[in-house]
Amino acid sequence: MAEALRQAEAAAARGEVPVGAVVVKDGAILAAAGNRTLADRDPSAHAEMLAIREAAAKLGSERLVGCDLYVTLEPCPMCAGVISFARIRRLYFGAGDPKGGAVEHGVRLFGSPTCHHAPEVYGGIRESEAAALLRAFFAGRR
């Protein structure tokens with residue numbers, strides 16, 4: 001989660017919403033990214049999406065079996081769907097997202113009977129740090 005927080009801080013420094021994500025397999029980081037929706041002019045360039053795409057390219061597979069994802073904010077519906085399709089083994093996230101989250105809030109995608117694969121989920125990992133980054137970023141915008 002420390003690397004995900006670093007990625008989130010780097011995203012904030014670029015003017016992006018401070019969310020960072022890291023894909024890990026066998027204790028090694030395969031991919032790490034921060035949000036790039038503004039820089040890429042791409043609404044799907046969320047940290048999770050970018051890290052999963054990079055990890056899939058490195059492994060040469062669309063299935064990230066045995067991989068874990070660390071992300072600083074509860075994934076949205078789009079990212080939760082990709083996490084399921086990628087067959088991520090475990091999801092660790094920092095701050096919950098009552099407004100846009102889809103894991104413990106909103107649609108709760110992994111609990112849906114139509115969900116193809118549900119990872120093990122562990123929320124609240126370094127939550128106060130992740131939430132503080134988000135609060136500081138949005139306070140500066142108001």
# chains A, B, ... in the order shown; residues from 1 in each chain; ligands from 1

$ select_by_dssp --residues "range 69-129 of chain A" --states "strand (DSSP E)" --output "PyMOL selection string"
chain A and resi 69-73+90-95+120-122

$ select_by_dssp --residues "chain A" --states "alpha helix (DSSP H)" --output "ChimeraX atom specification"
/A:2-13,37-40,47-59,77-85,127-141

$ closest_residue --among "A:Arg6, A:Arg63, A:Arg89, A:His105" --to "Ala47 in chain A" --atoms "only C-alpha atoms"
A:Arg6

$ closest_residue --among "A:Cys79, A:Leu69, A:Ala139, A:Ala57" --to "Val121 in chain A" --atoms "only C-alpha atoms"
A:Leu69

$ atom_distance --atom1 "CA of Arg14 in chain A" --atom2 "CA of Asn35 in chain A"
9.4 Å

$ closest_residue --among "A:Ala4, A:Leu73, A:Ile88, A:Ile83" --to "Val22 in chain A" --atoms "only C-alpha atoms"
A:Ala4
